[in-house]
Amino acid sequence: MFKKLLLLVLFVSTSIHAQDYFFKKFHPFNQSIPSPEEFLGYGIGEHHTRHDLIVAYLTKLAETSDRASIYQYGATHEGRKLVILTITSPENLSNLSQLKEQHLAFTDPTKTVSNYNEVPIFINLAYNVHGNEPSSSEAALLTAYTFAASNNPEILRYLENAVIMIDPTINPDGRDRHTQWANTYQGTPNVSDPQDAEHNEYWPGGRTNHYWFDLNRDWLLAIHPESQGKLKWFHEWYPNVVTDFHEMGSNATYFFEPMKVNGSLDPIMPKENYEDLNNMFGAEFAKALDSIGSFYFTKEVFDGTYPGYGSSYPDIQGGLGLLFEQASSRGHEQKTAFGKITFPFTIRNQYTSGITTVKTAVANKAYMRKYQQNFFKSALTIAGKSKIRGYEFGDAYDANRTKAFIDKLLQHQIDVYKSGNRYVVPTKQAQYRMVQTMFETYTKYRDSVYYDASAWSVGNFYNMKYKAVNTLNLGEKVESTETVVSVAPVQKSDYAYILDWDDYNAPAALHYLQEKGLVLSSSFKPFTAQSGNNSKSFGYGALVLPVSLQNKDSDEIFALLQTAQEKFQIPMYGVDSGYSLKGIDLGSRYIQPVSKVKAAMLIGTGTRSYEAGEVWHLLDTRVHMPITKIPLRNFNRINLDKYTTLVMVSGRYNLSKKQQEKIKQWVNKGNTLITIGTASKWAIEKKLVKEKLTDVERDSLTKDSTKITERKPYVDAPENLGKESVGGIILRVDLDTTHPLAFGYRDKTIPVYKNNTVWLAPSKNEYATVAKYSRKPLIDGFITDENRDENLKPSASLIVSKVGSGRVVLFADNPNFRGSWYGTNRLFLNALFLGNKISVPSRD
C-alpha cells in the first residue's frame with residue numbers, strides 16, 4: 001500500500017513538474033483536481049488532443065471544481081459537442097444569474113447604472129476556429145486547469161473579479177480531422193523535416209468545418225450550426241472581451257493587436273475600440289511575452305475590416321475582440337529559418353496571452369464596463385443624427401428568400417417590423433451598427449489592400465430590394481419568421497398543377513417530386529391561368545405537372561404535392577384547363593419536360609475546397625439532393641456517362657490532354673459542364689469552349705511596348721500589387737431574364753459577388769451572354785479604376801457556350817459564396833436543373 005501511495009505521489013509530482021514549462025508561476029494547485037496530463041495520460045504538447053477528450057476533461061473540471069460549470073451550446077454537422085466552461089469564484093458561480101442580470105444592464109441603452117466596479121467582468125476565451133491551428137485548444141486545457149485548480153493569490157483575485165467563459169474548440173470537426181492526421185504521422189522521435197507527411201495535410205486539410213467552410217468568416221453570415229449556436233450564446237451573455245486564437249506560417253513569430261490601420265474610411269466601430277483598447281491590452285501582451293523571451297509583431301498584415309471574424313464581431317457588440325496569431329509547428333516539431341519550433345512552445349505563447357487577457361480585463365474592469373455602456377447608448381445617439389430613419393425591404397415574389405433574410409436579421413438581435421406588405425428595420429435601435437452592416441454600402445476606403453473582403457452589405461447577398469426611408473410606419477414587430485411565408489394550400493385537380501418557380505425553395509420541391517417519380521415541365525414563356533376562381537400570372541420557369549401523363553393516380557399525385565408544399569412552403573395551384581387566359585397554353589412546345597439531374601463535382605488537390613464545399617452544402621442542406629464528389633486522383637477510372645452534369649469549381653486543374661478530351665466528349669454528347677471562377681478561365685484557355693477572356697491590360701502593353709516603366713519604392717510593392725487583386729466586392733449585372741439560367745428572376749439587374757480576376761469576354765453568340773456587368777457596376781467595395789474600366793466593364797459575369805450537343809455554363813463569379821448568396825444561388829441551380837434544356841441558338 002505504501003509503495004502504491006509513493007508511486008501516486010511521484011506521478012503527481014512528476015506530472016506537475018512536467019507542466020511547469022507552462023504555469024510554474026501559478027502554484028500551488030488543488031491536488032484533488034486532475035491536471036490535463038494526469039487526465040490524458042500524456043503531457044500537453046506531446047500529442048494532439050482529440051475533441052472528445054477536450055470535452056471530457058472540461059467536464060471533469062466541472063465535476064471536481066466548485067469554481068466551474070459546463071454548458072453545451074450546440075453541436076457540429078458531425079455531431080460533436082460545442083461547449084462553454086464557465087469558471088469564476090464559487091460565490092460568483094452560485095450567484096451567476098444575478099450577476100448576468102447586472103451585467104446585461106450595461107448593454108441596455110434605456111438603463112442608467114453606474115456600479116462599474118461591483119460586477120465581475122465577463123470574458124470569453126475562444127479557441128481553435130481553424131481546425132489545423134491546434135495550439136490554442138491545448139492552451140485552453142491549461143487555462144481551464146489554471147483557473148479551476150490554482151490557489152495562487154493572483155488567480156484567486158482574477159476569479160473574484162471575472163466570469164471566464166472558455167470555448168475550447170469552435171471548430172471540432174476540422175480540429176479532429178487535423179488531429180487524426182498529425183497523430184497518425186507523428187514519429188518517435190519527432191520528425192522536424194518540413195517535407196514530412198506530418199507537416200503536410202492532404203486536401204481539404206483541417207482548417208475548415210464539415211462542409212469545408214471557414215468558420216472565422218461565418219460570425220456575420222451564421223450559415224452553420226457552430227456559428228448559429230455561438231451567436232445565440234453570445235447575445236445571451238454579451239461578453240466584454242473575446243479572444244480569437246489562430247496560427248500562421250512556421251517562419252513567422254507571434255502577432256497580437258493592435259492591427260494595421262483600418263481599411264474602412266469611416267469604420268462603424270468606435271475609434272476608442274481599435275486604438276485605445278487595443279493599445280491598452282497590447283502593452284500588457286508585450287510585457288508578458290517579453291517575460292518568456294518570445295518575439296512578436298503588431299500593426300501589420302491583419303485587419304479587422306470585415307465584421308464577421310471572431311476578433312471583429314465582438315467589436316460591434318460593445319465588447320473587444322482580440323486576435324492572436326502564433327507561428328505554427330504544423331505538427332509536433334518543425335525546422336524553420338530560426339531553428340526548431342515545437343508544439344509546446346506554440347501552446348505556451350497562446351496560454352500566456354489567454355492569462356494576460358484575463359489579467360488586463362480585470363485591471364480595467366470599470367473602464368470596459370463604461371465602454372460597453374457607452375457603446376449601446378451612442379448607437380441611439382448616432383442613429384438619431386442620421387437622416388435615414390430606417391430601411392424598407394421585401395420581395396413580393398419570393399417569400400422564402402425574404403424569410404431567410406429576416407432570420408439573419410433576428411439572429412443578430414436586429415429589430416424588424418411588418419408594415420403592410422413590406423418589412424421595416426428602424427435605425428434607432430441598440431443594434432444600429434449591425435443595421436449599418438446589413439444595409440450600408442461603401443466605395444471609398446482608407447486602405448486598398450484587404451485581408452479578406454471589402455464588401456459585406458448582407459441585404460445584397462440576398463438580392464433583397466431595399467431602400468433607405470426618412471419616415472417610418474413601423475407596424476407590428478416581428479418576433480419570429482414562422483408567419484413570414486404563408487401559402488394557400490394546393491387545391492386538388494385531375495388535370496394539372498402549376499408550381500411557381502420564383503420561390504427560392506422551388507428547385508428543392510422539383511427535386512423532391514422528381515425523386516417520387518413525377519415528371520414536371522418548365523415554361524419557357526410567361527402565361528396566365530385560371531386556378532379556381534382566381535387568375536394567376538406565371539413567369540419564366542413555372543413548373544407544370546400534367547396529371548394524366550403521370551404513372552400515378554390523381555390521389556397519389558395530390559398527396560405528394562401536399563407533402564412537398566408542407567416541406568418547402570412554395571405556391572402551388574391546381575388548374576382544370578390547359579387553355580390559358582394569356583400567353584402560351586399548357587400544351588405549348590414552350591413547356592418542356594425537365595429531366596432528372598445526376599450531378600457530380602471534381603474535388604481534391606488543385607481544386608478550391610471552399611467553393612466545392614459551398615456547392616455540396618447548398619445541395620445537401622437546401623435542395624436535399626446528393627452530388628457525387630469525384631476525387632481528381634480517381635478521374636481516369638470514372639465513367640462520366642453516369643452523370644448529366646459536372647461541376648468544376650475554381651482551382652488549378654493539371655488535367656492531361658486525354659483527360660480534357662474525356663470531358664469535352666462527354667459534354668458533346670448533350671451533357672452540362674458548370675465551371676466557376678478560375679475553372680471558367682481554364683475551360684477557355686484549354687479551348688474546351690470557343691469563348692475568350694477580356695485582357696485589355698495585356699493588349700495595351702503589347703500595343704505600347706515603348707512605354708517607360710515608372711520606378712516605384714521597393715517597400716511599397718506589396719501594397720501596390722495587392723490592390724490590383726479583387727478582394728471581395730459586390731457588383732451590379734444586367735440579366736437576361738428570358739434565359740433559362742435566369743428563370744425565377746423578375747428584376748433585370750441583380751447584385752453578384754466577385755473575389756477573383758476572371759474576366760470573361762461576352763460571347764460572340766448574341767443569345768449566350770446571360771449576365772453582363774452594368775454600365776455602373778460597383779455597388780459595394782474597393783476596385784481600382786483600371787480594373788473597373790478596362791477589365792470589369794467590358795466583361796460578362798455569366799455565359800453559356802455550345803459544345804456539340806451539350807453546353808458549358810461559365811460563371812466568372814461565385815454564385816454560392818460562403819453559403820450566403822441566396823440572391824445568386826438560383827443562377828447555379830438553374831444551370832443544374834435546366835442546363836440540359838439550353839439549346840444555345842446560333843446561326844451555324
# chains A, B, ... in the order shown; residues from 1 in each chain; ligands from 1

$ select_by_dssp --residues "segment 246-424 of chain A" --states "helix (DSSP H, G or I)" --output "number ranges by chain"
A: 271-291, 313-316, 343-363, 365-385, 399-411

$ closest_atom_pairs --of "segment 522-581 of chain A" --to "segment 820-832 of chain A" --cutoff "12 Å" --atoms "only C-alpha atoms" --output "tab-separated table"
residue	atom	partner	partner_atom	distance
A:Ser522	CA	A:Asn830	CA	11.0
A:Tyr540	CA	A:Asn830	CA	11.6
A:Gly541	CA	A:Asn830	CA	9.3

$ write_last_selection --atoms "N, CA and C atoms" --output "compact mmCIF listing (two decimals), in the first residue's frame"
# COMPACT_ATOMS: atom_id res chain seq x y z
N SER A 522 -41.02 22.71 -67.59
CA SER A 522 -40.71 24.11 -67.30
C SER A 522 -41.23 24.98 -68.42
N TYR A 540 -41.35 33.15 -66.23
CA TYR A 540 -40.48 32.17 -66.85
C TYR A 540 -40.09 31.08 -65.85
N GLY A 541 -40.15 29.84 -66.30
CA GLY A 541 -39.70 28.73 -65.47
C GLY A 541 -40.77 28.06 -64.66

$ closest_residue --among "A:Leu778, A:Ile388, A:Leu640, A:Val425" --to "Tyr442 of chain A" --atoms "only C-alpha atoms"
A:Leu778

$ residues_around --residues "Ala62 of chain A" --least-positions-apart "5" --cutoff "12 Å" --atoms "only C-alpha atoms" --output "list in words"
Ile33, Pro34, Val55, Ala56, Tyr57, Arg67, Ala68, Ser69, Ile70, Tyr71, Val83, Ile84, Leu85, Thr86, Ile87, Thr88, Pro90, Leu93, Ala144, Tyr145, Phe147, Ala148 and Ala149 of chain A

$ write_last_selection --atoms "C-alpha atoms" --output "short mmCIF file (atom, residue, chain, number, x, y, z; two decimals), in the first residue's frame"
data_model
loop_
_atom_site.label_atom_id
_atom_site.label_comp_id
_atom_site.auth_asym_id
_atom_site.auth_seq_id
_atom_site.Cartn_x
_atom_site.Cartn_y
_atom_site.Cartn_z
CA ILE A 33 -8.35 18.36 -9.31
CA PRO A 34 -6.56 16.43 -12.08
CA VAL A 55 -14.81 17.96 -23.67
CA ALA A 56 -14.29 15.07 -21.26
CA TYR A 57 -11.54 16.94 -19.41
CA ARG A 67 -15.45 27.15 -9.49
CA ALA A 68 -16.59 25.59 -12.78
CA SER A 69 -19.72 24.59 -14.69
CA ILE A 70 -20.08 23.32 -18.26
CA TYR A 71 -22.76 24.13 -20.82
CA VAL A 83 -19.29 23.57 -25.03
CA ILE A 84 -18.53 26.52 -22.77
CA LEU A 85 -16.77 26.02 -19.43
CA THR A 86 -17.63 28.86 -17.07
CA ILE A 87 -15.06 29.49 -14.32
CA THR A 88 -15.25 32.08 -11.56
CA PRO A 90 -17.55 29.75 -6.03
CA LEU A 93 -20.83 30.90 -9.69
CA ALA A 144 -9.08 25.90 -17.68
CA TYR A 145 -6.94 23.91 -15.24
CA PHE A 147 -8.42 28.83 -13.18
CA ALA A 148 -10.16 25.73 -11.84
CA ALA A 149 -7.35 24.46 -9.61
#

$ residues_around --residues "Gln326 of chain A" --least-positions-apart "2" --cutoff "6 Å" --atoms "only C-alpha atoms" --output "PyMOL selection string"
chain A and resi 247-248+254+328

$ residues_around --residues "Tyr351 of chain A" --least-positions-apart "6" --cutoff "8 Å" --atoms "only C-alpha atoms" --output "list in words"
Phe22, Ser136, Ala139, Ala140, Leu142 and Thr143 of chain A

$ write_last_selection --atoms "C-alpha atoms" --output "PDB file, in the first residue's frame"
ATOM      1  CA  PHE A  22       3.571  26.466 -18.835  1.00  0.00           C
ATOM      2  CA  SER A 136      -4.927  27.177 -28.837  1.00  0.00           C
ATOM      3  CA  ALA A 139      -3.763  26.135 -24.286  1.00  0.00           C
ATOM      4  CA  ALA A 140      -7.457  26.126 -23.403  1.00  0.00           C
ATOM      5  CA  LEU A 142      -4.055  24.531 -19.449  1.00  0.00           C
ATOM      6  CA  THR A 143      -6.015  27.752 -18.930  1.00  0.00           C
TER       7      THR A 143
END
